[in-house]
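**Q** File my_file_17.cif below, mmCIF, N, CA and C atoms:
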```
data_target
#
loop_
_atom_site.label_atom_id
_atom_site.label_comp_id
_atom_site.auth_asym_id
_atom_site.auth_seq_id
_atom_site.Cartn_x
_atom_site.Cartn_y
_atom_site.Cartn_z
N LEU A 1 0.83 -1.17 0.00
CA LEU A 1 0.00 0.00 0.00
C LEU A 1 0.88 1.24 0.00
N LEU A 2 0.37 2.28 -0.62
CA LEU A 2 1.10 3.53 -0.71
C LEU A 2 0.46 4.56 0.21
N SER A 3 1.28 5.24 0.99
CA SER A 3 0.74 6.26 1.88
C SER A 3 0.41 7.51 1.07
N ALA A 4 -0.53 8.30 1.59
CA ALA A 4 -0.90 9.55 0.93
C ALA A 4 0.30 10.48 0.83
N ASP A 5 1.17 10.50 1.85
CA ASP A 5 2.37 11.34 1.81
C ASP A 5 3.30 10.95 0.68
N TRP A 6 3.47 9.63 0.45
CA TRP A 6 4.34 9.17 -0.62
C TRP A 6 3.78 9.59 -1.97
N VAL A 7 2.50 9.41 -2.18
CA VAL A 7 1.88 9.79 -3.45
C VAL A 7 2.02 11.29 -3.67
N ARG A 8 1.75 12.10 -2.65
CA ARG A 8 1.84 13.55 -2.75
C ARG A 8 3.27 13.99 -3.09
N THR A 9 4.25 13.42 -2.40
CA THR A 9 5.64 13.78 -2.63
C THR A 9 6.11 13.34 -4.02
N SER A 10 5.80 12.13 -4.39
CA SER A 10 6.34 11.59 -5.64
C SER A 10 5.67 12.17 -6.88
N THR A 11 4.50 12.74 -6.75
CA THR A 11 3.83 13.31 -7.91
C THR A 11 3.88 14.83 -7.92
N GLY A 12 4.47 15.43 -6.92
CA GLY A 12 4.44 16.88 -6.81
C GLY A 12 5.62 17.64 -7.37
N THR A 13 6.72 16.99 -7.67
CA THR A 13 7.93 17.68 -8.10
C THR A 13 8.25 17.32 -9.54
N ILE A 14 8.32 18.29 -10.39
CA ILE A 14 8.70 18.02 -11.78
C ILE A 14 10.21 17.80 -11.82
N ALA A 15 10.62 16.65 -12.32
CA ALA A 15 12.03 16.27 -12.30
C ALA A 15 12.84 16.97 -13.38
N ASN A 16 12.26 17.17 -14.55
CA ASN A 16 13.01 17.72 -15.66
C ASN A 16 12.12 18.67 -16.45
N PRO A 17 12.24 19.98 -16.21
CA PRO A 17 11.38 20.94 -16.91
C PRO A 17 11.50 20.86 -18.42
N ALA A 18 12.61 20.35 -18.94
CA ALA A 18 12.78 20.22 -20.39
C ALA A 18 11.78 19.26 -21.01
N LEU A 19 11.17 18.41 -20.18
CA LEU A 19 10.17 17.47 -20.69
C LEU A 19 8.78 18.12 -20.76
N SER A 20 8.72 19.43 -20.65
CA SER A 20 7.48 20.20 -20.79
C SER A 20 6.39 19.75 -19.84
N GLY A 21 6.76 19.41 -18.61
CA GLY A 21 5.76 19.02 -17.63
C GLY A 21 5.18 17.64 -17.85
N ARG A 22 5.84 16.81 -18.66
CA ARG A 22 5.33 15.48 -18.92
C ARG A 22 5.88 14.43 -17.96
N MET A 23 6.82 14.80 -17.10
CA MET A 23 7.39 13.82 -16.20
C MET A 23 7.64 14.45 -14.83
N ALA A 24 7.29 13.72 -13.77
CA ALA A 24 7.52 14.16 -12.39
C ALA A 24 8.18 13.00 -11.67
N LEU A 25 9.37 13.23 -11.15
CA LEU A 25 10.21 12.14 -10.61
C LEU A 25 10.25 11.02 -11.65
N VAL A 26 9.74 9.85 -11.36
CA VAL A 26 9.76 8.77 -12.37
C VAL A 26 8.39 8.55 -13.00
N TRP A 27 7.52 9.51 -12.89
CA TRP A 27 6.15 9.39 -13.39
C TRP A 27 5.99 10.06 -14.76
N PHE A 28 5.17 9.46 -15.60
CA PHE A 28 4.71 10.14 -16.81
C PHE A 28 3.45 10.89 -16.42
N VAL A 29 3.28 12.08 -16.95
CA VAL A 29 2.17 12.95 -16.59
C VAL A 29 1.26 13.11 -17.80
N GLU A 30 -0.03 12.94 -17.59
CA GLU A 30 -1.00 13.16 -18.66
C GLU A 30 -1.91 14.32 -18.27
N ARG A 31 -2.00 15.30 -19.16
CA ARG A 31 -2.85 16.47 -18.93
C ARG A 31 -3.90 16.57 -20.02
N ASP A 32 -5.02 17.20 -19.70
CA ASP A 32 -6.05 17.47 -20.69
C ASP A 32 -5.47 18.45 -21.70
N PRO A 33 -5.51 18.12 -23.00
CA PRO A 33 -4.90 19.00 -24.00
C PRO A 33 -5.54 20.39 -24.06
N ALA A 34 -6.82 20.48 -23.81
CA ALA A 34 -7.51 21.76 -23.91
C ALA A 34 -7.28 22.65 -22.69
N SER A 35 -7.43 22.08 -21.50
CA SER A 35 -7.37 22.89 -20.27
C SER A 35 -6.02 22.85 -19.56
N GLY A 36 -5.21 21.82 -19.86
CA GLY A 36 -3.95 21.66 -19.15
C GLY A 36 -4.12 21.00 -17.78
N GLU A 37 -5.39 20.66 -17.44
CA GLU A 37 -5.67 20.03 -16.15
C GLU A 37 -4.99 18.66 -16.07
N LEU A 38 -4.41 18.38 -14.91
CA LEU A 38 -3.76 17.11 -14.67
C LEU A 38 -4.79 15.99 -14.64
N ILE A 39 -4.59 14.97 -15.45
CA ILE A 39 -5.49 13.83 -15.48
C ILE A 39 -4.92 12.68 -14.66
N GLN A 40 -3.64 12.34 -14.92
CA GLN A 40 -3.04 11.21 -14.22
C GLN A 40 -1.52 11.27 -14.26
N PHE A 41 -0.92 10.57 -13.29
CA PHE A 41 0.50 10.22 -13.29
C PHE A 41 0.53 8.72 -13.49
N ASN A 42 1.48 8.20 -14.26
CA ASN A 42 1.57 6.75 -14.40
C ASN A 42 2.99 6.33 -14.68
N HIS A 43 3.24 5.08 -14.41
CA HIS A 43 4.51 4.47 -14.79
C HIS A 43 4.29 2.99 -15.01
N THR A 44 4.96 2.46 -16.02
CA THR A 44 4.82 1.04 -16.33
C THR A 44 6.12 0.31 -16.01
N GLY A 45 5.98 -0.98 -15.82
CA GLY A 45 7.13 -1.83 -15.56
C GLY A 45 7.21 -2.95 -16.57
N ASP A 46 8.17 -3.82 -16.40
CA ASP A 46 8.32 -4.96 -17.30
C ASP A 46 7.06 -5.80 -17.32
N GLY A 47 6.71 -6.27 -18.49
CA GLY A 47 5.59 -7.19 -18.62
C GLY A 47 4.22 -6.54 -18.63
N GLY A 48 4.17 -5.22 -18.55
CA GLY A 48 2.88 -4.55 -18.61
C GLY A 48 2.29 -4.15 -17.28
N SER A 49 3.04 -4.31 -16.19
CA SER A 49 2.56 -3.82 -14.89
C SER A 49 2.46 -2.30 -14.98
N ILE A 50 1.47 -1.73 -14.30
CA ILE A 50 1.27 -0.29 -14.35
C ILE A 50 0.71 0.22 -13.03
N LEU A 51 1.15 1.41 -12.64
CA LEU A 51 0.61 2.09 -11.47
C LEU A 51 0.16 3.47 -11.95
N ILE A 52 -1.10 3.80 -11.68
CA ILE A 52 -1.68 5.06 -12.13
C ILE A 52 -2.25 5.80 -10.93
N VAL A 53 -1.92 7.09 -10.82
CA VAL A 53 -2.49 7.95 -9.78
C VAL A 53 -3.43 8.93 -10.47
N PHE A 54 -4.68 8.96 -10.02
CA PHE A 54 -5.68 9.91 -10.52
C PHE A 54 -5.90 10.94 -9.41
N PRO A 55 -5.16 12.07 -9.43
CA PRO A 55 -5.22 13.02 -8.32
C PRO A 55 -6.61 13.61 -8.06
N LYS A 56 -7.32 14.00 -9.10
CA LYS A 56 -8.63 14.62 -8.94
C LYS A 56 -9.60 13.67 -8.23
N GLU A 57 -9.51 12.39 -8.56
CA GLU A 57 -10.39 11.39 -7.98
C GLU A 57 -9.85 10.84 -6.66
N ARG A 58 -8.61 11.21 -6.30
CA ARG A 58 -7.94 10.71 -5.10
C ARG A 58 -7.93 9.18 -5.10
N ALA A 59 -7.46 8.62 -6.23
CA ALA A 59 -7.49 7.17 -6.40
C ALA A 59 -6.19 6.70 -7.06
N VAL A 60 -5.86 5.44 -6.78
CA VAL A 60 -4.70 4.79 -7.37
C VAL A 60 -5.16 3.46 -7.96
N ALA A 61 -4.72 3.17 -9.18
CA ALA A 61 -5.02 1.89 -9.82
C ALA A 61 -3.70 1.17 -10.10
N VAL A 62 -3.67 -0.12 -9.80
CA VAL A 62 -2.45 -0.91 -9.98
C VAL A 62 -2.79 -2.17 -10.77
N ARG A 63 -1.97 -2.47 -11.73
CA ARG A 63 -2.09 -3.73 -12.47
C ARG A 63 -0.74 -4.42 -12.42
N ILE A 64 -0.73 -5.62 -11.89
CA ILE A 64 0.51 -6.39 -11.83
C ILE A 64 0.39 -7.51 -12.85
N ARG A 65 1.35 -7.57 -13.73
CA ARG A 65 1.31 -8.53 -14.83
C ARG A 65 2.71 -9.09 -15.03
N GLU A 66 2.80 -10.38 -15.14
CA GLU A 66 4.09 -11.03 -15.40
C GLU A 66 4.45 -10.91 -16.87
N MET A 67 5.73 -10.95 -17.14
CA MET A 67 6.21 -10.91 -18.52
C MET A 67 5.62 -12.08 -19.29
N GLN A 68 5.00 -11.79 -20.41
CA GLN A 68 4.37 -12.83 -21.22
C GLN A 68 4.64 -12.56 -22.69
N ASP A 69 4.64 -13.62 -23.48
CA ASP A 69 4.88 -13.48 -24.91
C ASP A 69 3.60 -13.23 -25.69
N ARG A 70 2.47 -13.23 -25.01
CA ARG A 70 1.22 -13.06 -25.74
C ARG A 70 0.73 -11.62 -25.66
N GLU A 71 -0.25 -11.31 -26.49
CA GLU A 71 -0.79 -9.95 -26.56
C GLU A 71 -1.45 -9.55 -25.24
N ASP A 72 -1.37 -8.28 -24.92
CA ASP A 72 -1.97 -7.73 -23.71
C ASP A 72 -3.49 -7.81 -23.81
N SER A 73 -4.13 -8.45 -22.84
CA SER A 73 -5.58 -8.59 -22.86
C SER A 73 -6.30 -7.35 -22.33
N LEU A 74 -5.56 -6.41 -21.74
CA LEU A 74 -6.16 -5.17 -21.22
C LEU A 74 -5.36 -3.95 -21.65
N PRO A 75 -5.25 -3.70 -22.96
CA PRO A 75 -4.47 -2.53 -23.38
C PRO A 75 -5.12 -1.22 -22.96
N ASP A 76 -6.40 -1.26 -22.61
CA ASP A 76 -7.13 -0.06 -22.19
C ASP A 76 -7.33 -0.02 -20.67
N PHE A 77 -6.37 -0.57 -19.92
CA PHE A 77 -6.50 -0.63 -18.46
C PHE A 77 -6.76 0.73 -17.83
N ALA A 78 -6.03 1.76 -18.25
CA ALA A 78 -6.19 3.09 -17.64
C ALA A 78 -7.61 3.62 -17.85
N GLU A 79 -8.12 3.47 -19.05
CA GLU A 79 -9.48 3.94 -19.33
C GLU A 79 -10.52 3.17 -18.52
N ARG A 80 -10.33 1.86 -18.42
CA ARG A 80 -11.26 1.05 -17.62
C ARG A 80 -11.20 1.46 -16.14
N ALA A 81 -9.99 1.69 -15.65
CA ALA A 81 -9.82 2.05 -14.24
C ALA A 81 -10.52 3.35 -13.92
N ILE A 82 -10.33 4.38 -14.74
CA ILE A 82 -10.95 5.67 -14.44
C ILE A 82 -12.46 5.60 -14.56
N ARG A 83 -12.98 4.83 -15.51
CA ARG A 83 -14.45 4.67 -15.61
C ARG A 83 -15.00 4.01 -14.36
N LEU A 84 -14.32 2.98 -13.88
CA LEU A 84 -14.76 2.27 -12.67
C LEU A 84 -14.71 3.21 -11.44
N ILE A 85 -13.62 3.95 -11.33
CA ILE A 85 -13.46 4.87 -10.20
C ILE A 85 -14.55 5.93 -10.21
N ARG A 86 -14.80 6.51 -11.37
CA ARG A 86 -15.82 7.57 -11.46
C ARG A 86 -17.22 7.03 -11.25
N SER A 87 -17.48 5.80 -11.67
CA SER A 87 -18.83 5.24 -11.48
C SER A 87 -19.10 4.87 -10.02
N ALA A 88 -18.04 4.69 -9.24
CA ALA A 88 -18.20 4.31 -7.82
C ALA A 88 -18.50 5.51 -6.93
N LYS A 89 -18.34 6.71 -7.43
CA LYS A 89 -18.56 7.91 -6.60
C LYS A 89 -19.98 8.35 -6.61
#
```
Could you quickly redo this structure as structure tokens?
**A**
Amino acid sequence: LLSADWVRTSTGTIANPALSGRMALVWFVERDPASGELIQFNHTGDGGSILIVFPKERAVAVRIREMQDREDSLPDFAERAIRLIRSAK
């Protein structure tokens, strides 16, 4: 489990301004193209594991997946996660 302090610290500092605000520490940052509003921070690991922080929704989604030679059965994991999170509120 991740503490709220860890999430706040790790997503709050932009590591390299040259990346135009697309990366914070080791996170990739996704913003709404029209408004610039922060949508999510995410990072992927080997085999398709992913950790996504949705700050506005105060939610974290995690997918742990072992390295496999077959096609990813959930390429839209982030979209599914945010729909589920928003429908639960």
**Q** Figure out the distance between atom N of A:Phe41 and atom C of A:Trp27, please, to one decimal in Å.
**A**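 These two atoms are separated by 7.1 Å.
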**Q** Hey, what does DSSP flag as strand (DSSP E) within stretch 42-82 of chain A? Can you give it to me as a ChimeraX atom specification?
**A** /A:42-44,50-54,59-63
**Q** Report the residues retrieved by the PyMOL selection byres (((chain A and resi 79-82 and name CA) around 12) and name CA) from the displayed file, expressed as a PyMOL selection string.
**A** chain A and resi 39-40+50-63+74-78+83-89
**Q** Could you work out how far atom CA of A:Arg65 lies from atom N of A:Ser49, giving the answer in Å with one decimal?
**A** 4.8 Å
**Q** Atom N of A:Glu66 to atom N of A:Gly48: how many Å, to one decimal?
**A** 6.3 Å
**Q** What would the file be for stretch 29-76 of chain A if you keep N, CA and C atoms and write it as a short mmCIF file (atom, residue, chain, number, x, y, z; two decimals), in the first residue's frame?
**A**
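Listed below is the output, decode-v4.cif:
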```
data_model
loop_
_atom_site.label_atom_id
_atom_site.label_comp_id
_atom_site.auth_asym_id
_atom_site.auth_seq_id
_atom_site.Cartn_x
_atom_site.Cartn_y
_atom_site.Cartn_z
N VAL A 29 3.28 12.08 -16.95
CA VAL A 29 2.17 12.95 -16.59
C VAL A 29 1.26 13.11 -17.80
N GLU A 30 -0.03 12.94 -17.59
CA GLU A 30 -1.00 13.16 -18.66
C GLU A 30 -1.91 14.32 -18.27
N ARG A 31 -2.00 15.30 -19.16
CA ARG A 31 -2.85 16.47 -18.93
C ARG A 31 -3.90 16.57 -20.02
N ASP A 32 -5.02 17.20 -19.70
CA ASP A 32 -6.05 17.47 -20.69
C ASP A 32 -5.47 18.45 -21.70
N PRO A 33 -5.51 18.12 -23.00
CA PRO A 33 -4.90 19.00 -24.00
C PRO A 33 -5.54 20.39 -24.06
N ALA A 34 -6.82 20.48 -23.81
CA ALA A 34 -7.51 21.76 -23.91
C ALA A 34 -7.28 22.65 -22.69
N SER A 35 -7.43 22.08 -21.50
CA SER A 35 -7.37 22.89 -20.27
C SER A 35 -6.02 22.85 -19.56
N GLY A 36 -5.21 21.82 -19.86
CA GLY A 36 -3.95 21.66 -19.15
C GLY A 36 -4.12 21.00 -17.78
N GLU A 37 -5.39 20.66 -17.44
CA GLU A 37 -5.67 20.03 -16.15
C GLU A 37 -4.99 18.66 -16.07
N LEU A 38 -4.41 18.38 -14.91
CA LEU A 38 -3.76 17.11 -14.67
C LEU A 38 -4.79 15.99 -14.64
N ILE A 39 -4.59 14.97 -15.45
CA ILE A 39 -5.49 13.83 -15.48
C ILE A 39 -4.92 12.68 -14.66
N GLN A 40 -3.64 12.34 -14.92
CA GLN A 40 -3.04 11.21 -14.22
C GLN A 40 -1.52 11.27 -14.26
N PHE A 41 -0.92 10.57 -13.29
CA PHE A 41 0.50 10.22 -13.29
C PHE A 41 0.53 8.72 -13.49
N ASN A 42 1.48 8.20 -14.26
CA ASN A 42 1.57 6.75 -14.40
C ASN A 42 2.99 6.33 -14.68
N HIS A 43 3.24 5.08 -14.41
CA HIS A 43 4.51 4.47 -14.79
C HIS A 43 4.29 2.99 -15.01
N THR A 44 4.96 2.46 -16.02
CA THR A 44 4.82 1.04 -16.33
C THR A 44 6.12 0.31 -16.01
N GLY A 45 5.98 -0.98 -15.82
CA GLY A 45 7.13 -1.83 -15.56
C GLY A 45 7.21 -2.95 -16.57
N ASP A 46 8.17 -3.82 -16.40
CA ASP A 46 8.32 -4.96 -17.30
C ASP A 46 7.06 -5.80 -17.32
N GLY A 47 6.71 -6.27 -18.49
CA GLY A 47 5.59 -7.19 -18.62
C GLY A 47 4.22 -6.54 -18.63
N GLY A 48 4.17 -5.22 -18.55
CA GLY A 48 2.88 -4.55 -18.61
C GLY A 48 2.29 -4.15 -17.28
N SER A 49 3.04 -4.31 -16.19
CA SER A 49 2.56 -3.82 -14.89
C SER A 49 2.46 -2.30 -14.98
N ILE A 50 1.47 -1.73 -14.30
CA ILE A 50 1.27 -0.29 -14.35
C ILE A 50 0.71 0.22 -13.03
N LEU A 51 1.15 1.41 -12.64
CA LEU A 51 0.61 2.09 -11.47
C LEU A 51 0.16 3.47 -11.95
N ILE A 52 -1.10 3.80 -11.68
CA ILE A 52 -1.68 5.06 -12.13
C ILE A 52 -2.25 5.80 -10.93
N VAL A 53 -1.92 7.09 -10.82
CA VAL A 53 -2.49 7.95 -9.78
C VAL A 53 -3.43 8.93 -10.47
N PHE A 54 -4.68 8.96 -10.02
CA PHE A 54 -5.68 9.91 -10.52
C PHE A 54 -5.90 10.94 -9.41
N PRO A 55 -5.16 12.07 -9.43
CA PRO A 55 -5.22 13.02 -8.32
C PRO A 55 -6.61 13.61 -8.06
N LYS A 56 -7.32 14.00 -9.10
CA LYS A 56 -8.63 14.62 -8.94
C LYS A 56 -9.60 13.67 -8.23
N GLU A 57 -9.51 12.39 -8.56
CA GLU A 57 -10.39 11.39 -7.98
C GLU A 57 -9.85 10.84 -6.66
N ARG A 58 -8.61 11.21 -6.30
CA ARG A 58 -7.94 10.71 -5.10
C ARG A 58 -7.93 9.18 -5.10
N ALA A 59 -7.46 8.62 -6.23
CA ALA A 59 -7.49 7.17 -6.40
C ALA A 59 -6.19 6.70 -7.06
N VAL A 60 -5.86 5.44 -6.78
CA VAL A 60 -4.70 4.79 -7.37
C VAL A 60 -5.16 3.46 -7.96
N ALA A 61 -4.72 3.17 -9.18
CA ALA A 61 -5.02 1.89 -9.82
C ALA A 61 -3.70 1.17 -10.10
N VAL A 62 -3.67 -0.12 -9.80
CA VAL A 62 -2.45 -0.91 -9.98
C VAL A 62 -2.79 -2.17 -10.77
N ARG A 63 -1.97 -2.47 -11.73
CA ARG A 63 -2.09 -3.73 -12.47
C ARG A 63 -0.74 -4.42 -12.42
N ILE A 64 -0.73 -5.62 -11.89
CA ILE A 64 0.51 -6.39 -11.83
C ILE A 64 0.39 -7.51 -12.85
N ARG A 65 1.35 -7.57 -13.73
CA ARG A 65 1.31 -8.53 -14.83
C ARG A 65 2.71 -9.09 -15.03
N GLU A 66 2.80 -10.38 -15.14
CA GLU A 66 4.09 -11.03 -15.40
C GLU A 66 4.45 -10.91 -16.87
N MET A 67 5.73 -10.95 -17.14
CA MET A 67 6.21 -10.91 -18.52
C MET A 67 5.62 -12.08 -19.29
N GLN A 68 5.00 -11.79 -20.41
CA GLN A 68 4.37 -12.83 -21.22
C GLN A 68 4.64 -12.56 -22.69
N ASP A 69 4.64 -13.62 -23.48
CA ASP A 69 4.88 -13.48 -24.91
C ASP A 69 3.60 -13.23 -25.69
N ARG A 70 2.47 -13.23 -25.01
CA ARG A 70 1.22 -13.06 -25.74
C ARG A 70 0.73 -11.62 -25.66
N GLU A 71 -0.25 -11.31 -26.49
CA GLU A 71 -0.79 -9.95 -26.56
C GLU A 71 -1.45 -9.55 -25.24
N ASP A 72 -1.37 -8.28 -24.92
CA ASP A 72 -1.97 -7.73 -23.71
C ASP A 72 -3.49 -7.81 -23.81
N SER A 73 -4.13 -8.45 -22.84
CA SER A 73 -5.58 -8.59 -22.86
C SER A 73 -6.30 -7.35 -22.33
N LEU A 74 -5.56 -6.41 -21.74
CA LEU A 74 -6.16 -5.17 -21.22
C LEU A 74 -5.36 -3.95 -21.65
N PRO A 75 -5.25 -3.70 -22.96
CA PRO A 75 -4.47 -2.53 -23.38
C PRO A 75 -5.12 -1.22 -22.96
N ASP A 76 -6.40 -1.26 -22.61
CA ASP A 76 -7.13 -0.06 -22.19
C ASP A 76 -7.33 -0.02 -20.67
#
```
